[in-house]
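Novice: Just one file: entry_17.cif, with mmCIF, C-alpha atoms.
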```cif
data_upload
loop_
_atom_site.label_atom_id
_atom_site.label_comp_id
_atom_site.auth_asym_id
_atom_site.auth_seq_id
_atom_site.Cartn_x
_atom_site.Cartn_y
_atom_site.Cartn_z
CA MET A 1 0.00 0.00 0.00
CA ASN A 2 1.48 3.31 -1.02
CA ARG A 3 1.39 6.38 1.18
CA ARG A 4 -1.49 8.04 -0.70
CA ASN A 5 -3.73 4.98 -0.38
CA PHE A 6 -2.82 4.65 3.29
CA VAL A 7 -3.78 8.27 3.98
CA ILE A 8 -7.08 7.90 2.10
CA LYS A 9 -8.03 4.66 3.86
CA SER A 10 -7.05 6.07 7.24
CA PHE A 11 -9.20 9.14 6.58
CA LEU A 12 -12.18 7.00 5.55
CA VAL A 13 -11.83 4.84 8.68
CA LEU A 14 -11.68 7.91 10.92
CA LEU A 15 -14.62 9.47 9.10
CA GLY A 16 -16.61 6.26 9.53
CA LEU A 17 -15.84 6.15 13.25
CA PHE A 18 -16.81 9.80 13.61
CA LEU A 19 -20.13 9.29 11.83
CA PHE A 20 -20.81 6.15 13.87
CA ASP A 21 -20.20 8.14 17.04
CA ILE A 22 -22.39 11.15 16.28
CA PHE A 23 -25.25 9.36 14.51
CA TRP A 24 -25.46 6.26 16.72
CA PHE A 25 -23.21 5.81 19.76
CA GLU A 26 -23.75 9.15 21.50
CA LYS A 27 -27.48 9.08 20.69
CA PHE A 28 -28.40 5.51 21.55
CA VAL A 29 -25.85 4.16 24.05
CA ILE A 30 -27.12 5.92 27.15
CA GLN A 31 -24.69 7.25 29.73
CA TRP A 32 -25.95 6.41 33.22
CA THR A 33 -24.59 8.75 35.86
CA THR A 34 -25.07 8.25 39.61
CA TYR A 35 -24.87 10.80 42.44
CA ASP A 36 -25.27 10.16 46.15
CA LEU A 37 -26.40 13.40 47.80
CA THR A 38 -27.09 12.21 51.32
CA ASN A 39 -25.23 10.79 54.28
CA SER A 40 -28.44 9.31 55.61
CA GLU A 41 -28.82 5.54 55.79
CA SER A 42 -32.39 6.03 54.54
CA LYS A 43 -31.83 6.92 50.90
CA ILE A 44 -34.51 7.71 48.35
CA LYS A 45 -33.49 6.56 44.88
CA ILE A 46 -34.66 8.77 41.99
CA ILE A 47 -34.09 8.36 38.26
CA GLN A 48 -34.34 11.47 36.11
CA LEU A 49 -35.31 11.21 32.45
CA THR A 50 -35.66 14.30 30.32
CA ASP A 51 -36.10 15.43 26.72
CA LEU A 52 -37.19 12.07 25.38
CA HIS A 53 -38.71 13.75 22.28
CA ILE A 54 -40.17 10.33 21.65
CA ASN A 55 -41.80 9.69 18.27
CA LYS A 56 -40.78 6.09 17.65
CA LEU A 57 -39.95 3.30 20.08
CA LYS A 58 -36.29 2.44 19.58
CA SER A 59 -33.87 -0.09 21.03
CA SER A 60 -32.41 2.64 23.25
CA HIS A 61 -35.82 3.21 24.86
CA LYS A 62 -36.15 -0.52 25.54
CA ALA A 63 -32.68 -0.53 27.08
CA ILE A 64 -33.61 2.42 29.30
CA ALA A 65 -36.78 0.66 30.46
CA ASN A 66 -34.85 -2.54 31.20
CA ARG A 67 -32.26 -0.62 33.22
CA ILE A 68 -34.98 1.19 35.18
CA ASN A 69 -36.67 -2.13 36.02
CA GLN A 70 -33.33 -3.50 37.21
CA GLU A 71 -32.56 -0.40 39.29
CA LEU A 72 -36.08 -0.32 40.83
CA PRO A 73 -35.94 3.35 41.87
CA ASP A 74 -38.34 4.74 44.43
CA LEU A 75 -39.40 7.43 41.94
CA ILE A 76 -38.95 8.43 38.30
CA CYS A 77 -38.89 12.16 37.51
CA ILE A 78 -39.51 13.07 33.88
CA THR A 79 -38.59 16.70 33.40
CA GLY A 80 -40.27 17.82 30.20
CA ASP A 81 -40.21 17.49 26.41
CA SER A 82 -41.38 13.90 26.58
CA VAL A 83 -43.30 14.26 23.30
CA ASN A 84 -43.28 16.77 20.45
CA ASN A 85 -46.96 16.47 19.50
CA ASN A 86 -50.11 14.44 20.11
CA LYS A 87 -48.89 11.61 17.85
CA GLY A 88 -46.08 11.02 20.32
CA LEU A 89 -48.51 10.15 23.12
CA ALA A 90 -49.12 6.64 21.75
CA VAL A 91 -45.36 6.01 21.57
CA LEU A 92 -44.85 7.38 25.07
CA ASN A 93 -47.54 4.97 26.20
CA GLU A 94 -45.59 2.09 24.60
CA PHE A 95 -42.43 3.18 26.37
CA LEU A 96 -44.08 3.52 29.77
CA ASN A 97 -45.68 0.10 29.30
CA LEU A 98 -42.16 -1.34 29.38
CA ILE A 99 -41.50 0.15 32.83
CA SER A 100 -42.83 -1.46 35.98
CA LYS A 101 -46.13 0.10 36.97
CA GLU A 102 -45.08 -0.30 40.61
CA ILE A 103 -42.59 2.54 40.21
CA PRO A 104 -44.24 5.96 40.84
CA LYS A 105 -43.61 8.66 38.28
CA VAL A 106 -43.79 12.46 38.42
CA VAL A 107 -43.84 14.39 35.15
CA ILE A 108 -43.68 18.05 34.14
CA LEU A 109 -44.23 19.80 30.82
CA GLY A 110 -41.56 21.22 28.54
CA ASN A 111 -41.70 23.76 25.76
CA LYS A 112 -42.23 21.10 23.08
CA GLU A 113 -45.49 19.90 24.61
CA TYR A 114 -46.73 23.47 24.32
CA ALA A 115 -45.28 24.11 20.86
CA GLY A 116 -46.80 20.86 19.59
CA LYS A 117 -50.19 21.72 21.12
CA VAL A 118 -50.27 18.46 23.06
CA ASN A 119 -53.66 17.81 24.67
CA ILE A 120 -52.85 18.32 28.34
CA ASN A 121 -55.85 16.33 29.58
CA SER A 122 -54.87 13.36 27.41
CA PHE A 123 -51.28 13.69 28.59
CA ARG A 124 -52.36 13.81 32.23
CA THR A 125 -54.59 10.75 31.77
CA LEU A 126 -51.75 8.83 30.11
CA ILE A 127 -49.33 9.60 32.94
CA LYS A 128 -51.94 8.66 35.56
CA LYS A 129 -52.46 5.30 33.82
CA HIS A 130 -48.81 4.48 34.47
CA ASN A 131 -48.83 5.30 38.19
CA GLY A 132 -47.74 8.85 37.57
CA GLN A 133 -48.80 12.41 38.18
CA LEU A 134 -48.43 15.46 35.97
CA LEU A 135 -47.50 18.55 37.96
CA ILE A 136 -48.18 22.02 36.52
CA ASN A 137 -47.30 24.57 39.22
CA GLU A 138 -48.26 21.87 41.73
CA SER A 139 -46.60 19.77 44.37
CA LEU A 140 -47.07 16.46 46.14
CA LYS A 141 -45.68 14.70 49.16
CA PHE A 142 -43.70 11.57 48.31
CA SER A 143 -42.76 9.01 50.96
CA ALA A 144 -40.14 6.27 50.74
CA ALA A 145 -37.44 4.77 52.95
CA ASP A 146 -39.24 6.14 56.04
CA ARG A 147 -38.76 9.69 54.76
CA ASP A 148 -40.86 12.37 53.09
CA LEU A 149 -39.95 14.56 50.13
CA ILE A 150 -41.98 17.35 48.59
CA ILE A 151 -41.86 17.17 44.79
CA ILE A 152 -42.56 20.57 43.23
CA GLY A 153 -43.28 20.73 39.51
CA VAL A 154 -43.23 24.14 37.83
CA ASP A 155 -44.76 24.94 34.46
CA ASP A 156 -42.54 25.47 31.44
CA PHE A 157 -40.70 28.78 31.23
CA ILE A 158 -41.17 29.27 27.46
CA GLY A 159 -44.59 27.88 26.60
CA GLY A 160 -46.28 27.91 29.97
CA ASP A 161 -46.60 30.16 33.00
CA PRO A 162 -44.17 29.04 35.71
CA ASP A 163 -45.19 30.00 39.22
CA PHE A 164 -42.82 28.70 41.88
CA ILE A 165 -44.60 30.55 44.69
CA ASN A 166 -47.94 28.91 43.93
CA ALA A 167 -46.36 25.53 43.22
CA SER A 168 -44.60 25.42 46.58
CA ALA A 169 -47.22 27.07 48.78
CA LYS A 170 -49.11 23.92 49.76
CA HIS A 171 -46.51 22.37 52.05
CA ASP A 172 -44.51 23.29 55.11
CA SER A 173 -41.40 25.10 53.89
CA SER A 174 -39.21 23.19 56.35
CA GLU A 175 -39.82 19.89 54.55
CA GLU A 176 -37.13 18.76 52.12
CA ALA A 177 -38.13 19.47 48.53
CA ILE A 178 -37.02 18.62 45.01
CA VAL A 179 -38.02 21.03 42.25
CA LEU A 180 -38.64 19.84 38.70
CA ASN A 181 -38.05 22.69 36.26
CA HIS A 182 -37.63 22.04 32.54
CA CYS A 183 -35.89 25.24 31.41
CA PRO A 184 -32.92 25.95 33.69
CA GLN A 185 -33.07 29.70 33.05
CA TYR A 186 -36.09 29.89 35.38
CA SER A 187 -34.00 28.37 38.18
CA ASP A 188 -32.37 31.76 38.78
CA GLU A 189 -35.87 33.10 39.43
CA ILE A 190 -36.62 30.16 41.73
CA ALA A 191 -33.49 30.91 43.77
CA LEU A 192 -34.48 34.59 43.99
CA LEU A 193 -38.08 33.83 44.98
CA ASN A 194 -36.91 31.30 47.52
CA GLU A 195 -35.13 34.00 49.49
CA ILE A 196 -38.67 34.96 50.53
CA GLN A 197 -40.39 31.57 50.25
CA LYS A 198 -37.59 29.75 52.11
CA VAL A 199 -38.47 26.27 50.87
CA ASN A 200 -35.93 23.68 51.96
CA ILE A 201 -34.87 22.83 48.39
CA LYS A 202 -32.54 19.87 48.29
CA LEU A 203 -32.20 19.76 44.52
CA ILE A 204 -33.51 21.27 41.27
CA LEU A 205 -33.69 18.92 38.28
CA SER A 206 -33.69 20.49 34.80
CA GLY A 207 -33.17 19.53 31.18
CA HIS A 208 -34.00 21.41 27.96
CA THR A 209 -30.43 22.24 26.87
CA HIS A 210 -29.57 18.73 25.58
CA GLY A 211 -26.19 19.56 27.10
CA GLY A 212 -25.56 21.55 23.92
CA GLN A 213 -26.15 18.41 21.81
CA ILE A 214 -23.30 19.40 19.47
CA THR A 215 -20.23 20.54 21.39
CA PHE A 216 -16.51 20.92 20.82
CA LEU A 217 -14.05 20.99 23.71
CA GLY A 218 -17.03 21.39 26.05
CA LYS A 219 -18.37 24.43 24.22
CA ALA A 220 -21.84 24.35 22.67
CA PHE A 221 -22.41 25.66 19.16
CA TYR A 222 -26.01 26.49 20.11
CA LYS A 223 -28.22 26.61 23.20
CA PRO A 224 -32.01 26.89 22.96
CA GLY A 225 -33.81 29.85 24.46
CA GLY A 226 -34.66 29.17 28.08
CA SER A 227 -31.20 27.75 28.81
CA GLY A 228 -29.89 30.96 30.31
CA ARG A 229 -26.32 30.65 31.52
CA PHE A 230 -26.63 26.89 32.00
CA LEU A 231 -25.47 24.03 29.80
CA ARG A 232 -25.14 20.70 31.64
CA GLY A 233 -24.11 19.13 34.90
CA TRP A 234 -23.98 20.69 38.37
CA TYR A 235 -24.63 24.29 39.36
CA LYS A 236 -25.16 26.07 42.66
CA LEU A 237 -27.71 28.86 43.01
CA ASN A 238 -27.12 30.47 46.40
CA ASP A 239 -27.26 27.34 48.57
CA ILE A 240 -29.43 25.34 46.13
CA ARG A 241 -27.93 22.57 44.01
CA MET A 242 -29.19 22.12 40.46
CA TYR A 243 -28.49 19.37 37.93
CA VAL A 244 -29.02 19.98 34.21
CA SER A 245 -29.27 16.68 32.38
CA LYS A 246 -28.13 16.22 28.79
CA GLY A 247 -31.32 14.26 28.20
CA ILE A 248 -32.19 11.37 25.94
CA GLY A 249 -33.51 12.58 22.59
CA THR A 250 -32.59 15.06 19.89
CA LYS A 251 -34.59 17.68 18.02
CA TYR A 252 -34.08 19.27 14.58
CA ILE A 253 -30.56 17.86 14.04
CA PRO A 254 -30.44 14.07 14.63
CA ILE A 255 -26.89 13.89 15.96
CA ARG A 256 -24.96 14.29 19.19
CA MET A 257 -21.33 15.29 19.31
CA GLY A 258 -19.30 15.46 22.50
CA CYS A 259 -22.57 15.19 24.37
CA ARG A 260 -23.75 11.64 24.96
CA ALA A 261 -27.39 10.98 25.86
CA GLU A 262 -27.88 10.65 29.60
CA ALA A 263 -30.11 9.21 32.30
CA THR A 264 -29.28 9.99 35.91
CA ILE A 265 -29.69 8.23 39.24
CA PHE A 266 -29.81 10.29 42.42
CA TYR A 267 -29.75 9.09 46.02
CA VAL A 268 -31.28 11.87 48.12
#
```
Before we go any further, please render this structure as structure tokens.

Specialist:
Amino acid sequence: MNRRNFVIKSFLVLLGLFLFDIFWFEKFVIQWTTYDLTNSESKIKIIQLTDLHINKLKSSHKAIANRINQELPDLICITGDSVNNNKGLAVLNEFLNLISKEIPKVVILGNKEYAGKVNINSFRTLIKKHNGQLLINESLKFSAADRDLIIIGVDDFIGGDPDFINASAKHDSSEEAIVLNHCPQYSDEIALLNEIQKVNIKLILSGHTHGGQITFLGKAFYKPGGSGRFLRGWYKLNDIRMYVSKGIGTKYIPIRMGCRAEATIFYV
């Protein structure tokens, strides 16, 4: 093999590996990250899924469901952009059918449910069918491992009308709370409002950004409106911790680069 042929074949191999990575590996081989946030012996195990953008049931969704059933979390939190339109509801139903109905689920809306004019009543009924609850500026008390957590779900920042004050008003502010907030930009407002509200927020879970979806050396080429100053991973807002997940699906451009799809396990 002469030098020219070697260079061409090497280039084609590298190009093939690159295309395999961005079109398949980073999209469909889910990165599972785990964080233990408590020193307590009584741990509540939560799995966060976000930005499914589900429109067709794929092998990656089946793998996620299998992993969830193996992990048997106390709670699944789905933090928005589950579907892009009403057609996606049937596929979401297929996906949730793969997950044990014994596992409670809490779901919030994202901007895509609003942009796609998803029927909220149908969405709520679907989530309820799978042992879940849709929270729109609402909260609930969740109990597991001999402990209580308040789960606060705020409406979407872009398409909805987020109201942290109203969402958190129902419960004693001293109780530990987890806030589900699709667009991380609104988390700055939550932190500001909480200086008055003084909810004992243990964690904010967000998505929306896709972690940048296409990044180079950790820098995103584009962030959607509603991301604010946030991209992915851990942030601290005053004394409140927030995690921004890279999420599962993609939208508009069907690739991921330097930003593998993610599902996250939290012990709180």

Novice: Taking the file as shown, what set of residues would the PyMOL selection byres ((chain A and resi 138-155) around 9) give back, as a ChimeraX atom specification?

Specialist: /A:42-45,74-75,79,106-110,134-137,156-164,166-171,175-182,201

Novice: Choose the residue, out of A:Asn238, A:Ser82, A:Ser173, A:Gln213, that has the smallest atom-to-atom separation from Ile253 of chain A; count all atoms listed in the file.

Specialist: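 The shortest atom-to-atom distance to Ile253 of chain A comes from A:Gln213.
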
Novice: Determine the residue set returned by the PyMOL selection byres ((chain A and resi 90-101) around 10) for the present structure, and present it as an mmCIF file with C-alpha atoms, in the frame of the given file.

Specialist:
```cif
data_model
loop_
_atom_site.group_PDB
_atom_site.id
_atom_site.type_symbol
_atom_site.label_atom_id
_atom_site.label_comp_id
_atom_site.auth_asym_id
_atom_site.auth_seq_id
_atom_site.Cartn_x
_atom_site.Cartn_y
_atom_site.Cartn_z
ATOM 1 C CA LEU A 52 -37.190 12.070 25.380
ATOM 2 C CA HIS A 53 -38.710 13.750 22.280
ATOM 3 C CA ILE A 54 -40.170 10.330 21.650
ATOM 4 C CA ASN A 55 -41.800 9.690 18.270
ATOM 5 C CA LYS A 56 -40.780 6.090 17.650
ATOM 6 C CA LEU A 57 -39.950 3.300 20.080
ATOM 7 C CA LYS A 58 -36.290 2.440 19.580
ATOM 8 C CA HIS A 61 -35.820 3.210 24.860
ATOM 9 C CA LYS A 62 -36.150 -0.520 25.540
ATOM 10 C CA ALA A 63 -32.680 -0.530 27.080
ATOM 11 C CA ILE A 64 -33.610 2.420 29.300
ATOM 12 C CA ALA A 65 -36.780 0.660 30.460
ATOM 13 C CA ASN A 66 -34.850 -2.540 31.200
ATOM 14 C CA ARG A 67 -32.260 -0.620 33.220
ATOM 15 C CA ILE A 68 -34.980 1.190 35.180
ATOM 16 C CA ASN A 69 -36.670 -2.130 36.020
ATOM 17 C CA GLN A 70 -33.330 -3.500 37.210
ATOM 18 C CA LEU A 72 -36.080 -0.320 40.830
ATOM 19 C CA SER A 82 -41.380 13.900 26.580
ATOM 20 C CA VAL A 83 -43.300 14.260 23.300
ATOM 21 C CA ASN A 86 -50.110 14.440 20.110
ATOM 22 C CA LYS A 87 -48.890 11.610 17.850
ATOM 23 C CA GLY A 88 -46.080 11.020 20.320
ATOM 24 C CA LEU A 89 -48.510 10.150 23.120
ATOM 25 C CA GLU A 102 -45.080 -0.300 40.610
ATOM 26 C CA ILE A 103 -42.590 2.540 40.210
ATOM 27 C CA PRO A 104 -44.240 5.960 40.840
ATOM 28 C CA LYS A 105 -43.610 8.660 38.280
ATOM 29 C CA PHE A 123 -51.280 13.690 28.590
ATOM 30 C CA LEU A 126 -51.750 8.830 30.110
ATOM 31 C CA ILE A 127 -49.330 9.600 32.940
ATOM 32 C CA LYS A 129 -52.460 5.300 33.820
ATOM 33 C CA HIS A 130 -48.810 4.480 34.470
ATOM 34 C CA ASN A 131 -48.830 5.300 38.190
ATOM 35 C CA GLY A 132 -47.740 8.850 37.570
#
```

Novice: So which one's closest to Lys27 of chain A, A:Tyr222, A:Glu262, A:Gln48, A:Gln185? Using all atoms listed in the file, please.

Specialist: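 Selected residue with least distance to Lys27 of chain A: A:Glu262.
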
Novice: Which one is closest to Phe23 of chain A: A:Pro224, A:Ile214, A:Tyr267, A:Val244? Count all atoms listed in the file.

Specialist: A:Ile214

Novice: Please compute the atom CA of Gly233 of chain A-atom CA of Ser206 of chain A distance, one decimal, in Å.

Specialist: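 Separation between atom CA of Gly233 of chain A and atom CA of Ser206 of chain A: 9.7 Å.
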
Novice: What is the distance between atom CA of Thr38 of chain A and atom CA of Val268 of chain A, in Å to one decimal?

Specialist: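 Here the two named atoms are 5.3 Å from each other.
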
Novice: Could you tell me which of A:Gly258, A:Gly16, A:Gly116, A:Gly225 comes closest to Lys246 of chain A if we count only C-alpha atoms?

Specialist: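 Among A:Gly258, A:Gly16, A:Gly116, A:Gly225, it is A:Gly258 that comes nearest to Lys246 of chain A.
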
Novice: Quote the spacing between atom CA of Ile265 of chain A and atom CA of Glu195 of chain A in Å to one decimal place.

Specialist: 28.3 Å

Novice: Check which residues satisfy the PyMOL selection byres ((chain A and resi 247) around 8) in the file shown, then give them as a list of chain:residue names.

Specialist: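 Expected selection for the PyMOL selection byres ((chain A and resi 247) around 8) here is A:Leu49, A:Thr50, A:Asp51, A:Leu52, A:Gly207, A:His208, A:His210, A:Gly211, A:Ser245, A:Lys246, A:Ile248, A:Gly249, A:Ala261, A:Glu262, A:Ala263.
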
Novice: With distances taken over only C-alpha atoms, which residue among A:Ile46, A:Met257, A:Thr250, A:Ile240 lies nearest Cys77 of chain A?

Specialist: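 That would be A:Ile46, the residue with the smallest distance to Cys77 of chain A.
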
Novice: Could you write out as AutoDock Vina command-line options the box around segment 115-119 of chain A (axis-aligned, all atoms listed in the file, 6 Å on each side), with centre and edge lengths in Å to one decimal?

Specialist:
```
--center_x -49.5 --center_y 21.0 --center_z 22.1 --size_x 20.4 --size_y 18.3 --size_z 17.1
```

Novice: Counting only C-alpha atoms, which of A:Leu19, A:Ile47, A:Met242, A:Ile30 gets nearest to Leu205 of chain A?

Specialist: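 Between A:Leu19, A:Ile47, A:Met242, A:Ile30, the residue approaching Leu205 of chain A most closely is A:Met242.
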